[in-house]
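Raw contents of model-v2.pdb, PDB, C-alpha atoms, pLDDT in the B column:
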ATOM      1  CA  MET F   1     105.380  98.186  91.605  1.00 48.00           C
ATOM      2  CA  ALA F   2     103.358  98.779  94.759  1.00 55.00           C
ATOM      3  CA  PRO F   3     105.182  98.361  98.074  1.00 56.00           C
ATOM      4  CA  LYS F   4     104.615  95.021  99.750  1.00 64.00           C
ATOM      5  CA  PRO F   5     102.059  95.275 102.534  1.00 70.00           C
ATOM      6  CA  THR F   6     104.141  93.261 104.981  1.00 74.00           C
ATOM      7  CA  LYS F   7     107.660  93.553 106.370  1.00 79.00           C
ATOM      8  CA  VAL F   8     107.819  89.805 106.796  1.00 85.00           C
ATOM      9  CA  THR F   9     110.038  88.178 104.196  1.00 89.00           C
ATOM     10  CA  ASN F  10     110.609  84.484 103.708  1.00 94.00           C
ATOM     11  CA  ARG F  11     112.823  81.866 102.085  1.00 94.00           C
ATOM     12  CA  ILE F  12     110.061  79.502 101.115  1.00 96.00           C
ATOM     13  CA  ARG F  13     110.952  79.519  97.426  1.00 93.00           C
ATOM     14  CA  ALA F  14     114.568  78.578  98.155  1.00 94.00           C
ATOM     15  CA  LEU F  15     113.506  75.966 100.676  1.00 95.00           C
ATOM     16  CA  ARG F  16     111.126  74.417  98.159  1.00 95.00           C
ATOM     17  CA  ALA F  17     113.923  74.244  95.621  1.00 92.00           C
ATOM     18  CA  GLY F  18     116.126  72.573  98.230  1.00 90.00           C
ATOM     19  CA  ALA F  19     113.425  70.070  99.064  1.00 90.00           C
ATOM     20  CA  GLY F  20     113.536  68.317  95.715  1.00 88.00           C
ATOM     21  CA  ASN F  21     111.845  71.096  93.758  1.00 84.00           C
ATOM     22  CA  MET F  22     108.681  70.888  95.768  1.00 91.00           C
ATOM     23  CA  THR F  23     105.950  72.738  93.863  1.00 90.00           C
ATOM     24  CA  GLN F  24     103.687  75.402  95.276  1.00 90.00           C
ATOM     25  CA  ALA F  25     100.802  72.998  94.779  1.00 88.00           C
ATOM     26  CA  ASP F  26     102.601  70.288  96.783  1.00 90.00           C
ATOM     27  CA  LEU F  27     103.256  72.691  99.645  1.00 94.00           C
ATOM     28  CA  ALA F  28      99.680  73.990  99.528  1.00 92.00           C
ATOM     29  CA  ARG F  29      98.347  70.441  99.712  1.00 91.00           C
ATOM     30  CA  ARG F  30     100.513  69.627 102.735  1.00 93.00           C
ATOM     31  CA  LEU F  31      99.449  72.833 104.478  1.00 94.00           C
ATOM     32  CA  GLY F  32      95.766  72.426 103.637  1.00 92.00           C
ATOM     33  CA  VAL F  33      95.561  75.808 101.914  1.00 93.00           C
ATOM     34  CA  THR F  34      94.988  76.921  98.332  1.00 89.00           C
ATOM     35  CA  ARG F  35      97.948  77.306  95.979  1.00 88.00           C
ATOM     36  CA  GLN F  36      97.076  81.010  95.761  1.00 89.00           C
ATOM     37  CA  THR F  37      97.762  81.348  99.482  1.00 92.00           C
ATOM     38  CA  VAL F  38     101.235  79.847  99.068  1.00 93.00           C
ATOM     39  CA  ILE F  39     101.875  82.218  96.150  1.00 91.00           C
ATOM     40  CA  ALA F  40     100.660  85.189  98.231  1.00 91.00           C
ATOM     41  CA  ILE F  41     102.966  84.228 101.119  1.00 93.00           C
ATOM     42  CA  GLU F  42     105.977  83.809  98.827  1.00 92.00           C
ATOM     43  CA  GLN F  43     105.308  87.157  97.159  1.00 89.00           C
ATOM     44  CA  GLY F  44     104.997  88.915 100.530  1.00 88.00           C
ATOM     45  CA  ARG F  45     101.335  89.715  99.966  1.00 88.00           C
ATOM     46  CA  TYR F  46     100.117  87.775 102.958  1.00 91.00           C
ATOM     47  CA  SER F  47     101.635  87.341 106.392  1.00 91.00           C
ATOM     48  CA  PRO F  48     100.605  83.859 107.477  1.00 92.00           C
ATOM     49  CA  SER F  49      99.178  83.196 110.905  1.00 91.00           C
ATOM     50  CA  LEU F  50     101.634  81.968 113.542  1.00 92.00           C
ATOM     51  CA  GLU F  51     100.131  78.505 113.285  1.00 93.00           C
ATOM     52  CA  LEU F  52     100.574  78.384 109.509  1.00 94.00           C
ATOM     53  CA  ALA F  53     104.118  79.757 109.815  1.00 95.00           C
ATOM     54  CA  PHE F  54     105.021  76.962 112.238  1.00 96.00           C
ATOM     55  CA  GLN F  55     103.498  74.387 109.897  1.00 96.00           C
ATOM     56  CA  ILE F  56     105.615  75.711 107.018  1.00 97.00           C
ATOM     57  CA  ALA F  57     108.775  75.660 109.136  1.00 96.00           C
ATOM     58  CA  ARG F  58     108.014  72.120 110.262  1.00 96.00           C
ATOM     59  CA  ILE F  59     107.550  70.881 106.695  1.00 96.00           C
ATOM     60  CA  PHE F  60     111.017  72.187 105.793  1.00 95.00           C
ATOM     61  CA  GLN F  61     112.437  71.042 109.161  1.00 94.00           C
ATOM     62  CA  GLN F  62     113.816  74.518 109.846  1.00 94.00           C
ATOM     63  CA  PRO F  63     113.534  76.866 112.822  1.00 95.00           C
ATOM     64  CA  LEU F  64     110.878  79.530 112.287  1.00 94.00           C
ATOM     65  CA  ASP F  65     113.388  82.374 111.941  1.00 92.00           C
ATOM     66  CA  GLU F  66     115.231  80.463 109.215  1.00 92.00           C
ATOM     67  CA  VAL F  67     112.063  80.542 107.133  1.00 95.00           C
ATOM     68  CA  PHE F  68     110.666  83.969 108.013  1.00 94.00           C
ATOM     69  CA  ARG F  69     112.455  87.260 108.647  1.00 91.00           C
ATOM     70  CA  TYR F  70     111.099  90.544 109.912  1.00 87.00           C
ATOM     71  CA  ASP F  71     112.776  93.495 108.158  1.00 78.00           C
ATOM     72  CA  GLU F  72     112.616  96.506 110.453  1.00 74.00           C
ATOM     73  CA  THR F  73     114.104  98.954 107.946  1.00 67.00           C
TER
ATOM     74  CA  MET W   1     102.993  73.255  87.724  1.00 44.00           C
ATOM     75  CA  ALA W   2     104.324  76.608  86.625  1.00 46.00           C
ATOM     76  CA  GLU W   3     106.181  78.673  89.204  1.00 55.00           C
ATOM     77  CA  ASP W   4     106.306  82.471  89.373  1.00 56.00           C
ATOM     78  CA  GLU W   5     102.791  82.509  88.083  1.00 59.00           C
ATOM     79  CA  PRO W   6     100.419  85.442  88.609  1.00 62.00           C
ATOM     80  CA  LEU W   7      98.225  85.497  91.678  1.00 65.00           C
ATOM     81  CA  TYR W   8      95.198  83.737  90.183  1.00 74.00           C
ATOM     82  CA  THR W   9      91.844  84.171  91.840  1.00 83.00           C
ATOM     83  CA  THR W  10      90.621  81.650  94.369  1.00 85.00           C
ATOM     84  CA  ARG W  11      87.067  80.370  94.256  1.00 87.00           C
ATOM     85  CA  GLU W  12      86.186  82.713  97.126  1.00 90.00           C
ATOM     86  CA  GLU W  13      87.581  85.737  95.279  1.00 91.00           C
ATOM     87  CA  ARG W  14      85.646  84.822  92.153  1.00 92.00           C
ATOM     88  CA  GLN W  15      82.465  84.627  94.231  1.00 93.00           C
ATOM     89  CA  VAL W  16      83.167  88.115  95.584  1.00 95.00           C
ATOM     90  CA  TRP W  17      83.576  89.408  92.022  1.00 95.00           C
ATOM     91  CA  SER W  18      80.369  87.765  90.816  1.00 94.00           C
ATOM     92  CA  GLY W  19      78.449  89.144  93.809  1.00 95.00           C
ATOM     93  CA  LEU W  20      79.795  92.650  93.317  1.00 96.00           C
ATOM     94  CA  VAL W  21      79.117  92.800  89.580  1.00 95.00           C
ATOM     95  CA  THR W  22      75.627  91.311  89.644  1.00 96.00           C
ATOM     96  CA  MET W  23      74.402  93.173  92.737  1.00 95.00           C
ATOM     97  CA  ALA W  24      75.722  96.468  91.364  1.00 95.00           C
ATOM     98  CA  ALA W  25      74.195  95.774  87.935  1.00 96.00           C
ATOM     99  CA  SER W  26      70.787  94.884  89.340  1.00 96.00           C
ATOM    100  CA  ALA W  27      70.819  97.973  91.591  1.00 97.00           C
ATOM    101  CA  LEU W  28      71.765 100.134  88.611  1.00 96.00           C
ATOM    102  CA  LEU W  29      68.782  98.746  86.697  1.00 96.00           C
ATOM    103  CA  TYR W  30      66.527  99.659  89.624  1.00 97.00           C
ATOM    104  CA  TYR W  31      67.878 103.207  89.763  1.00 97.00           C
ATOM    105  CA  ALA W  32      67.677 103.528  85.980  1.00 97.00           C
ATOM    106  CA  TRP W  33      63.948 102.861  86.361  1.00 96.00           C
ATOM    107  CA  LEU W  34      63.475 104.870  89.565  1.00 96.00           C
ATOM    108  CA  VAL W  35      65.197 108.181  88.815  1.00 95.00           C
ATOM    109  CA  PRO W  36      63.101 109.174  85.754  1.00 95.00           C
ATOM    110  CA  VAL W  37      59.918 108.159  87.608  1.00 95.00           C
ATOM    111  CA  LEU W  38      60.978 110.133  90.677  1.00 94.00           C
ATOM    112  CA  VAL W  39      61.432 113.285  88.600  1.00 93.00           C
ATOM    113  CA  ARG W  40      57.845 113.344  87.321  1.00 93.00           C
ATOM    114  CA  THR W  41      55.827 111.528  90.021  1.00 93.00           C
ATOM    115  CA  PRO W  42      55.099 112.320  93.695  1.00 93.00           C
ATOM    116  CA  VAL W  43      56.817 109.707  95.877  1.00 92.00           C
ATOM    117  CA  ALA W  44      53.558 108.607  97.488  1.00 90.00           C
ATOM    118  CA  GLU W  45      52.308 107.494  94.050  1.00 92.00           C
ATOM    119  CA  ILE W  46      55.387 105.542  93.012  1.00 95.00           C
ATOM    120  CA  SER W  47      54.937 101.774  93.051  1.00 95.00           C
ATOM    121  CA  TRP W  48      58.500 101.056  94.111  1.00 95.00           C
ATOM    122  CA  VAL W  49      58.118  97.741  95.943  1.00 96.00           C
ATOM    123  CA  PRO W  50      57.858  95.315  92.961  1.00 96.00           C
ATOM    124  CA  PRO W  51      60.837  96.815  91.061  1.00 97.00           C
ATOM    125  CA  MET W  52      62.955  96.791  94.228  1.00 97.00           C
ATOM    126  CA  PHE W  53      61.938  93.203  94.959  1.00 96.00           C
ATOM    127  CA  TRP W  54      62.793  92.095  91.411  1.00 96.00           C
ATOM    128  CA  SER W  55      66.084  93.972  91.559  1.00 96.00           C
ATOM    129  CA  MET W  56      67.093  92.178  94.770  1.00 95.00           C
ATOM    130  CA  LEU W  57      65.936  88.821  93.386  1.00 96.00           C
ATOM    131  CA  ALA W  58      67.834  89.401  90.133  1.00 96.00           C
ATOM    132  CA  GLY W  59      70.941  90.321  92.117  1.00 95.00           C
ATOM    133  CA  MET W  60      70.800  87.150  94.207  1.00 94.00           C
ATOM    134  CA  VAL W  61      69.955  84.776  91.344  1.00 96.00           C
ATOM    135  CA  GLY W  62      72.462  86.544  89.085  1.00 95.00           C
ATOM    136  CA  THR W  63      75.211  86.090  91.669  1.00 95.00           C
ATOM    137  CA  ILE W  64      74.603  82.343  91.769  1.00 95.00           C
ATOM    138  CA  VAL W  65      74.380  81.999  87.979  1.00 95.00           C
ATOM    139  CA  VAL W  66      77.500  84.101  87.324  1.00 94.00           C
ATOM    140  CA  ALA W  67      79.417  82.189  90.014  1.00 93.00           C
ATOM    141  CA  ILE W  68      78.497  78.851  88.382  1.00 93.00           C
ATOM    142  CA  VAL W  69      79.451  80.116  84.911  1.00 93.00           C
ATOM    143  CA  LEU W  70      82.754  81.460  86.255  1.00 90.00           C
ATOM    144  CA  GLU W  71      83.605  78.108  87.825  1.00 89.00           C
ATOM    145  CA  ILE W  72      82.839  76.312  84.556  1.00 91.00           C
ATOM    146  CA  VAL W  73      85.063  78.763  82.647  1.00 90.00           C
ATOM    147  CA  VAL W  74      87.880  78.330  85.174  1.00 86.00           C
ATOM    148  CA  ALA W  75      87.546  74.546  85.107  1.00 85.00           C
ATOM    149  CA  VAL W  76      87.924  74.608  81.322  1.00 87.00           C
ATOM    150  CA  ARG W  77      90.745  77.161  81.142  1.00 84.00           C
ATOM    151  CA  ARG W  78      92.736  76.095  84.231  1.00 76.00           C
ATOM    152  CA  PRO W  79      92.123  72.371  84.636  1.00 72.00           C
ATOM    153  CA  GLY W  80      95.083  72.136  87.065  1.00 66.00           C
ATOM    154  CA  ASP W  81      93.043  73.973  89.670  1.00 62.00           C
ATOM    155  CA  GLU W  82      90.678  71.030  89.998  1.00 54.00           C
ATOM    156  CA  GLU W  83      93.216  69.137  92.059  1.00 54.00           C
ATOM    157  CA  GLN W  84      92.781  71.589  94.906  1.00 53.00           C
ATOM    158  CA  GLY W  85      89.005  71.390  94.779  1.00 50.00           C
ATOM    159  CA  ALA W  86      88.949  69.928  98.278  1.00 55.00           C
ATOM    160  CA  ILE W  87      90.403  73.195  99.629  1.00 70.00           C
ATOM    161  CA  ALA W  88      87.761  75.670  98.578  1.00 73.00           C
ATOM    162  CA  VAL W  89      88.193  78.000 101.554  1.00 84.00           C
ATOM    163  CA  ASP W  90      91.369  78.341 103.560  1.00 89.00           C
ATOM    164  CA  VAL W  91      92.708  80.444 106.431  1.00 91.00           C
ATOM    165  CA  ARG W  92      93.512  83.418 104.169  1.00 92.00           C
ATOM    166  CA  ASP W  93      89.982  83.417 102.716  1.00 93.00           C
ATOM    167  CA  ARG W  94      88.534  83.333 106.220  1.00 93.00           C
ATOM    168  CA  GLU W  95      90.704  86.245 107.408  1.00 93.00           C
ATOM    169  CA  ILE W  96      89.726  88.290 104.363  1.00 95.00           C
ATOM    170  CA  GLY W  97      86.081  87.359 104.888  1.00 94.00           C
ATOM    171  CA  ARG W  98      86.193  88.568 108.494  1.00 94.00           C
ATOM    172  CA  SER W  99      87.785  91.893 107.498  1.00 94.00           C
ATOM    173  CA  GLY W 100      85.175  92.456 104.796  1.00 95.00           C
ATOM    174  CA  SER W 101      82.304  91.598 107.129  1.00 95.00           C
ATOM    175  CA  ARG W 102      83.605  93.963 109.800  1.00 94.00           C
ATOM    176  CA  PHE W 103      83.608  96.841 107.337  1.00 93.00           C
ATOM    177  CA  ALA W 104      80.191  95.909 105.944  1.00 95.00           C
ATOM    178  CA  THR W 105      78.715  95.784 109.449  1.00 96.00           C
ATOM    179  CA  ALA W 106      79.927  99.325 110.123  1.00 95.00           C
ATOM    180  CA  VAL W 107      78.357 100.599 106.880  1.00 95.00           C
ATOM    181  CA  LEU W 108      75.137  98.667 107.515  1.00 95.00           C
ATOM    182  CA  GLY W 109      74.904  99.945 111.098  1.00 95.00           C
ATOM    183  CA  THR W 110      75.338 103.558 110.014  1.00 95.00           C
ATOM    184  CA  GLY W 111      72.787 103.147 107.220  1.00 95.00           C
ATOM    185  CA  LEU W 112      70.246 101.514 109.504  1.00 94.00           C
ATOM    186  CA  GLY W 113      70.672 104.474 111.853  1.00 95.00           C
ATOM    187  CA  ALA W 114      69.555 106.699 108.974  1.00 95.00           C
ATOM    188  CA  VAL W 115      66.579 104.389 108.341  1.00 96.00           C
ATOM    189  CA  VAL W 116      65.531 104.622 111.985  1.00 96.00           C
ATOM    190  CA  ILE W 117      65.778 108.415 111.882  1.00 97.00           C
ATOM    191  CA  LEU W 118      63.611 108.528 108.739  1.00 97.00           C
ATOM    192  CA  ALA W 119      61.020 106.317 110.446  1.00 96.00           C
ATOM    193  CA  ALA W 120      61.166 108.454 113.599  1.00 97.00           C
ATOM    194  CA  ILE W 121      60.423 111.677 111.728  1.00 97.00           C
ATOM    195  CA  GLY W 122      57.542 110.014 109.879  1.00 94.00           C
ATOM    196  CA  ALA W 123      59.087 110.018 106.413  1.00 95.00           C
ATOM    197  CA  ASP W 124      57.172 108.420 103.551  1.00 95.00           C
ATOM    198  CA  HIS W 125      57.561 104.632 103.215  1.00 94.00           C
ATOM    199  CA  PHE W 126      59.261 105.299  99.888  1.00 96.00           C
ATOM    200  CA  TRP W 127      62.181 107.027 101.567  1.00 96.00           C
ATOM    201  CA  ILE W 128      62.433 104.473 104.373  1.00 96.00           C
ATOM    202  CA  GLY W 129      62.393 101.525 101.964  1.00 96.00           C
ATOM    203  CA  ASN W 130      64.859 103.105  99.591  1.00 96.00           C
ATOM    204  CA  ALA W 131      67.199 104.151 102.378  1.00 96.00           C
ATOM    205  CA  ALA W 132      67.252 100.540 103.586  1.00 96.00           C
ATOM    206  CA  PHE W 133      67.886  99.329 100.023  1.00 96.00           C
ATOM    207  CA  LEU W 134      70.720 101.807  99.509  1.00 96.00           C
ATOM    208  CA  CYS W 135      72.178 100.895 102.880  1.00 96.00           C
ATOM    209  CA  GLY W 136      72.227  97.189 101.955  1.00 95.00           C
ATOM    210  CA  LEU W 137      73.728  97.993  98.563  1.00 96.00           C
ATOM    211  CA  LEU W 138      76.487 100.163 100.038  1.00 96.00           C
ATOM    212  CA  ALA W 139      77.314  97.508 102.643  1.00 96.00           C
ATOM    213  CA  THR W 140      77.527  94.841  99.932  1.00 95.00           C
ATOM    214  CA  VAL W 141      79.760  97.002  97.729  1.00 96.00           C
ATOM    215  CA  ALA W 142      81.957  98.065 100.672  1.00 95.00           C
ATOM    216  CA  GLU W 143      82.393  94.450 101.763  1.00 96.00           C
ATOM    217  CA  ALA W 144      83.277  93.295  98.254  1.00 96.00           C
ATOM    218  CA  ILE W 145      85.756  96.116  97.624  1.00 96.00           C
ATOM    219  CA  THR W 146      87.432  95.537 100.987  1.00 96.00           C
ATOM    220  CA  LYS W 147      87.824  91.837 100.234  1.00 96.00           C
ATOM    221  CA  LEU W 148      89.086  92.389  96.684  1.00 95.00           C
ATOM    222  CA  ARG W 149      91.605  94.960  97.892  1.00 94.00           C
ATOM    223  CA  LEU W 150      92.937  92.455 100.443  1.00 93.00           C
ATOM    224  CA  TYR W 151      93.040  89.670  97.863  1.00 92.00           C
ATOM    225  CA  ARG W 152      94.925  91.796  95.322  1.00 89.00           C
ATOM    226  CA  ARG W 153      97.174  94.021  97.454  1.00 87.00           C
ATOM    227  CA  GLY W 154      97.694  91.649 100.327  1.00 84.00           C
ATOM    228  CA  PHE W 155      97.764  92.267 104.037  1.00 83.00           C
TER
END
File written out as structure tokens:
Amino acid sequence: MAPKPTKVTNRIRALRAGAGNMTQADLARRLGVTRQTVIAIEQGRYSPSLELAFQIARIFQQPLDEVFRYDET
Amino acid sequence: MAEDEPLYTTREERQVWSGLVTMAASALLYYAWLVPVLVRTPVAEISWVPPMFWSMLAGMVGTIVVAIVLEIVVAVRRPGDEEQGAIAVDVRDREIGRSGSRFATAVLGTGLGAVVILAAIGADHFWIGNAAFLCGLLATVAEAITKLRLYRRGF
């Protein structure tokens, strides 16, 4: 498996599960992006813009660093 | 909606694929005609403009037709995607588009430099026209490959 292109990891999948099993499509609709973009973010294939990251954190009512982590190792 | 699903193509990515395949195919047809002619005919006698024109036209029309067919196929095979029809292009598509265009501009600029040099040294119109054609083709292919790489591998 190819290494992920970003060191940014996230807990979006877990947060969706905790938010009443919100689907990727539901989240995509609320963010105004395609479902493929949500999938890419969850899989670590796309680092979202700061604005999109804040929108995601706001939807889950979490601080930004509870949703996204930057792994320096 | 299934979770853990593969990273399906977006409409934008499918359009990149259709553009790449049809433009490359139409250019290949042009070169398949040109190379044998070039071997046995002096360049000044080659009537290259109509075939090049038809190749470019076929590439553009083919891109549109293939894109429409692809969307019909996707609509039939993945009907769930219709619900996000309102979001055809999002922030990720735009970022990928900008990266691809930046790369294409660099290729196009370099190629046009070669075209200007050919014109400056008084090269035959054949070489000038074909250098411009090749330059456009390379820029198109470079842009598409850059975008597809970003779509598939991420960034």
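Counting only C-alpha atoms and comparing F:Val33, F:Ile12, F:Ala25, F:Ala17, the residue that lies closest to Leu52 in chain F is F:Val33.
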Would you list the contacts of Arg35 in chain F as JSON, numbers by chain, taking every protein, DNA or RNA residue within 10 Å and counting all atoms listed in the file, but skipping same-chain residues closer than 3 positions in sequence?
{"F": [23, 24, 25, 26, 27, 28, 29, 31, 32, 38, 39, 40, 41], "W": [7, 8, 10, 81, 84, 87]}
Might you spell out which residues the PyMOL selection byres ((chain W) within 6 of (chain F)) would select in the displayed file, as number ranges by chain?
W: 90, 154-155
Once you add 4 Å to each side, what are the centre and edge lengths of the axis-aligned box holding all listed atoms of range 28-38 of chain F? One decimal in Å, as lines of an AutoDock Vina configuration file, if you can.
center_x = 98.1
center_y = 75.5
center_z = 100.1
size_x = 14.2
size_y = 19.7
size_z = 16.7
Evaluate the PyMOL selection byres ((chain F and resi 11) around 9) against this structure - the residues, as number ranges by chain, please.
F: 9-10, 12-16, 42, 66-69
Can you translate the PyMOL selection byres ((chain W and resi 49-55) around 9) into the concrete residues it hits in this file, as a PyMOL selection string?
chain W and resi 23+26-30+33-34+46-48+56-60+126+129-130+133
If you measure from CA of Ala32 in chain W to CA of Ala142 in chain W, what distance in Å do you get, rounded to one decimal?
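Atom-to-atom, CA of Ala32 in chain W to CA of Ala142 in chain W, that is 21.2 Å.
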For Arg102 in chain W: contacts at 12 Å, only C-alpha atoms, fewer than 2 positions along chain excluded, given as a list of chain:residue names:
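The residues that qualify are W:Glu95, W:Ile96, W:Gly97, W:Arg98, W:Ser99, W:Gly100, W:Ala104, W:Thr105, W:Ala106, W:Val107, W:Leu108, W:Gly109, W:Ala139, W:Thr140, W:Ala142, W:Glu143, W:Ala144, W:Thr146, W:Lys147.
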Just the number, please: distance in Å from CA of Pro36 in chain W to CA of Ala132 in chain W, one decimal.
20.2 Å
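Counting from CA of Arg152 in chain W, the distance to CA of Ala19 in chain F is 28.8 Å.
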Which residue, W:Pro79, W:Ser18, W:Ala88, W:Val74, has the smallest gap to Gly62 in chain W when you use only C-alpha atoms?
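Among the listed residues, W:Ser18 lies closest to Gly62 in chain W.
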When you look at Trp127 in chain W with a cut-off of 12 Å (counting only C-alpha atoms), what residues show up, excluding the ones that are within fewer than 3 positions of it in the same chain? I need them as a compact mmCIF listing (two decimals) with C-alpha atoms, in the frame of the given file.
# COMPACT_ATOMS: atom_id res chain seq x y z
CA LEU W 38 60.98 110.13 90.68
CA PRO W 42 55.10 112.32 93.70
CA VAL W 43 56.82 109.71 95.88
CA ALA W 44 53.56 108.61 97.49
CA ILE W 46 55.39 105.54 93.01
CA TRP W 48 58.50 101.06 94.11
CA VAL W 49 58.12 97.74 95.94
CA ALA W 114 69.56 106.70 108.97
CA VAL W 115 66.58 104.39 108.34
CA VAL W 116 65.53 104.62 111.98
CA ILE W 117 65.78 108.42 111.88
CA LEU W 118 63.61 108.53 108.74
CA ALA W 119 61.02 106.32 110.45
CA ILE W 121 60.42 111.68 111.73
CA GLY W 122 57.54 110.01 109.88
CA ALA W 123 59.09 110.02 106.41
CA ASP W 124 57.17 108.42 103.55
CA ASN W 130 64.86 103.10 99.59
CA ALA W 131 67.20 104.15 102.38
CA ALA W 132 67.25 100.54 103.59
CA PHE W 133 67.89 99.33 100.02
CA LEU W 134 70.72 101.81 99.51
CA CYS W 135 72.18 100.90 102.88
When distances are computed from all atoms listed in the file, which of W:Leu150, W:Val65, W:Leu70, W:Val35 shows the smallest separation from Arg14 in chain W?
W:Leu70
Would you mind completing range 64-71 of chain F to all heavy atoms and writing the output as a PDB file, keeping the file's coordinate frame?
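Result written to selection.pdb:
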ATOM      1  N   LEU F  64     111.772  78.521 112.868  1.00 94.00           N
ATOM      2  CA  LEU F  64     110.878  79.530 112.287  1.00 94.00           C
ATOM      3  C   LEU F  64     111.643  80.713 111.695  1.00 94.00           C
ATOM      4  O   LEU F  64     111.325  81.189 110.604  1.00 94.00           O
ATOM      5  CB  LEU F  64     109.908  80.030 113.378  1.00 94.00           C
ATOM      6  CG  LEU F  64     108.698  80.812 112.903  1.00 94.00           C
ATOM      7  CD1 LEU F  64     107.832  79.997 111.957  1.00 94.00           C
ATOM      8  CD2 LEU F  64     107.885  81.304 114.086  1.00 94.00           C
ATOM      9  N   ASP F  65     112.690  81.179 112.437  1.00 92.00           N
ATOM     10  CA  ASP F  65     113.388  82.374 111.941  1.00 92.00           C
ATOM     11  C   ASP F  65     114.375  82.063 110.818  1.00 92.00           C
ATOM     12  O   ASP F  65     115.042  82.953 110.309  1.00 92.00           O
ATOM     13  CB  ASP F  65     114.065  83.145 113.077  1.00 92.00           C
ATOM     14  CG  ASP F  65     115.056  82.304 113.836  1.00 92.00           C
ATOM     15  OD1 ASP F  65     115.229  81.124 113.465  1.00 92.00           O
ATOM     16  OD2 ASP F  65     115.662  82.812 114.798  1.00 92.00           O
ATOM     17  N   GLU F  66     114.481  80.797 110.432  1.00 92.00           N
ATOM     18  CA  GLU F  66     115.231  80.463 109.215  1.00 92.00           C
ATOM     19  C   GLU F  66     114.315  80.522 107.987  1.00 92.00           C
ATOM     20  O   GLU F  66     114.790  80.550 106.856  1.00 92.00           O
ATOM     21  CB  GLU F  66     115.855  79.065 109.323  1.00 92.00           C
ATOM     22  CG  GLU F  66     117.076  78.997 110.215  1.00 92.00           C
ATOM     23  CD  GLU F  66     118.236  79.812 109.653  1.00 92.00           C
ATOM     24  OE1 GLU F  66     118.474  79.756 108.437  1.00 92.00           O
ATOM     25  OE2 GLU F  66     118.885  80.543 110.442  1.00 92.00           O
ATOM     26  N   VAL F  67     113.032  80.488 108.240  1.00 95.00           N
ATOM     27  CA  VAL F  67     112.063  80.542 107.133  1.00 95.00           C
ATOM     28  C   VAL F  67     111.543  81.968 106.949  1.00 95.00           C
ATOM     29  O   VAL F  67     111.462  82.473 105.838  1.00 95.00           O
ATOM     30  CB  VAL F  67     110.874  79.578 107.393  1.00 95.00           C
ATOM     31  CG1 VAL F  67     109.897  79.603 106.219  1.00 95.00           C
ATOM     32  CG2 VAL F  67     111.369  78.167 107.650  1.00 95.00           C
ATOM     33  N   PHE F  68     111.227  82.613 108.074  1.00 94.00           N
ATOM     34  CA  PHE F  68     110.666  83.969 108.013  1.00 94.00           C
ATOM     35  C   PHE F  68     111.614  84.962 108.669  1.00 94.00           C
ATOM     36  O   PHE F  68     112.242  84.661 109.679  1.00 94.00           O
ATOM     37  CB  PHE F  68     109.301  84.015 108.722  1.00 94.00           C
ATOM     38  CG  PHE F  68     108.257  83.196 108.039  1.00 94.00           C
ATOM     39  CD1 PHE F  68     107.991  81.896 108.459  1.00 94.00           C
ATOM     40  CD2 PHE F  68     107.532  83.701 106.964  1.00 94.00           C
ATOM     41  CE1 PHE F  68     107.027  81.124 107.827  1.00 94.00           C
ATOM     42  CE2 PHE F  68     106.574  82.937 106.327  1.00 94.00           C
ATOM     43  CZ  PHE F  68     106.329  81.645 106.762  1.00 94.00           C
ATOM     44  N   ARG F  69     111.668  86.157 108.090  1.00 91.00           N
ATOM     45  CA  ARG F  69     112.455  87.260 108.647  1.00 91.00           C
ATOM     46  C   ARG F  69     111.564  88.473 108.762  1.00 91.00           C
ATOM     47  O   ARG F  69     110.674  88.678 107.939  1.00 91.00           O
ATOM     48  CB  ARG F  69     113.644  87.603 107.744  1.00 91.00           C
ATOM     49  CG  ARG F  69     114.674  86.495 107.630  1.00 91.00           C
ATOM     50  CD  ARG F  69     115.726  86.637 108.738  1.00 91.00           C
ATOM     51  NE  ARG F  69     116.556  85.445 108.851  1.00 91.00           N
ATOM     52  CZ  ARG F  69     117.588  85.183 108.056  1.00 91.00           C
ATOM     53  NH1 ARG F  69     117.919  86.033 107.113  1.00 91.00           N
ATOM     54  NH2 ARG F  69     118.305  84.089 108.224  1.00 91.00           N
ATOM     55  N   TYR F  70     111.839  89.289 109.772  1.00 87.00           N
ATOM     56  CA  TYR F  70     111.099  90.544 109.912  1.00 87.00           C
ATOM     57  C   TYR F  70     112.057  91.694 109.652  1.00 87.00           C
ATOM     58  O   TYR F  70     112.960  91.944 110.444  1.00 87.00           O
ATOM     59  CB  TYR F  70     110.485  90.664 111.315  1.00 87.00           C
ATOM     60  CG  TYR F  70     109.684  91.929 111.510  1.00 87.00           C
ATOM     61  CD1 TYR F  70     108.454  92.085 110.868  1.00 87.00           C
ATOM     62  CD2 TYR F  70     110.148  92.949 112.319  1.00 87.00           C
ATOM     63  CE1 TYR F  70     107.712  93.237 111.023  1.00 87.00           C
ATOM     64  CE2 TYR F  70     109.411  94.108 112.487  1.00 87.00           C
ATOM     65  CZ  TYR F  70     108.199  94.249 111.837  1.00 87.00           C
ATOM     66  OH  TYR F  70     107.466  95.407 112.003  1.00 87.00           O
ATOM     67  N   ASP F  71     111.890  92.389 108.519  1.00 78.00           N
ATOM     68  CA  ASP F  71     112.776  93.495 108.158  1.00 78.00           C
ATOM     69  C   ASP F  71     112.279  94.789 108.800  1.00 78.00           C
ATOM     70  O   ASP F  71     111.215  95.291 108.428  1.00 78.00           O
ATOM     71  CB  ASP F  71     112.822  93.662 106.628  1.00 78.00           C
ATOM     72  CG  ASP F  71     113.398  92.421 105.960  1.00 78.00           C
ATOM     73  OD1 ASP F  71     114.237  91.764 106.599  1.00 78.00           O
ATOM     74  OD2 ASP F  71     113.003  92.120 104.830  1.00 78.00           O
TER      75      ASP F  71
END
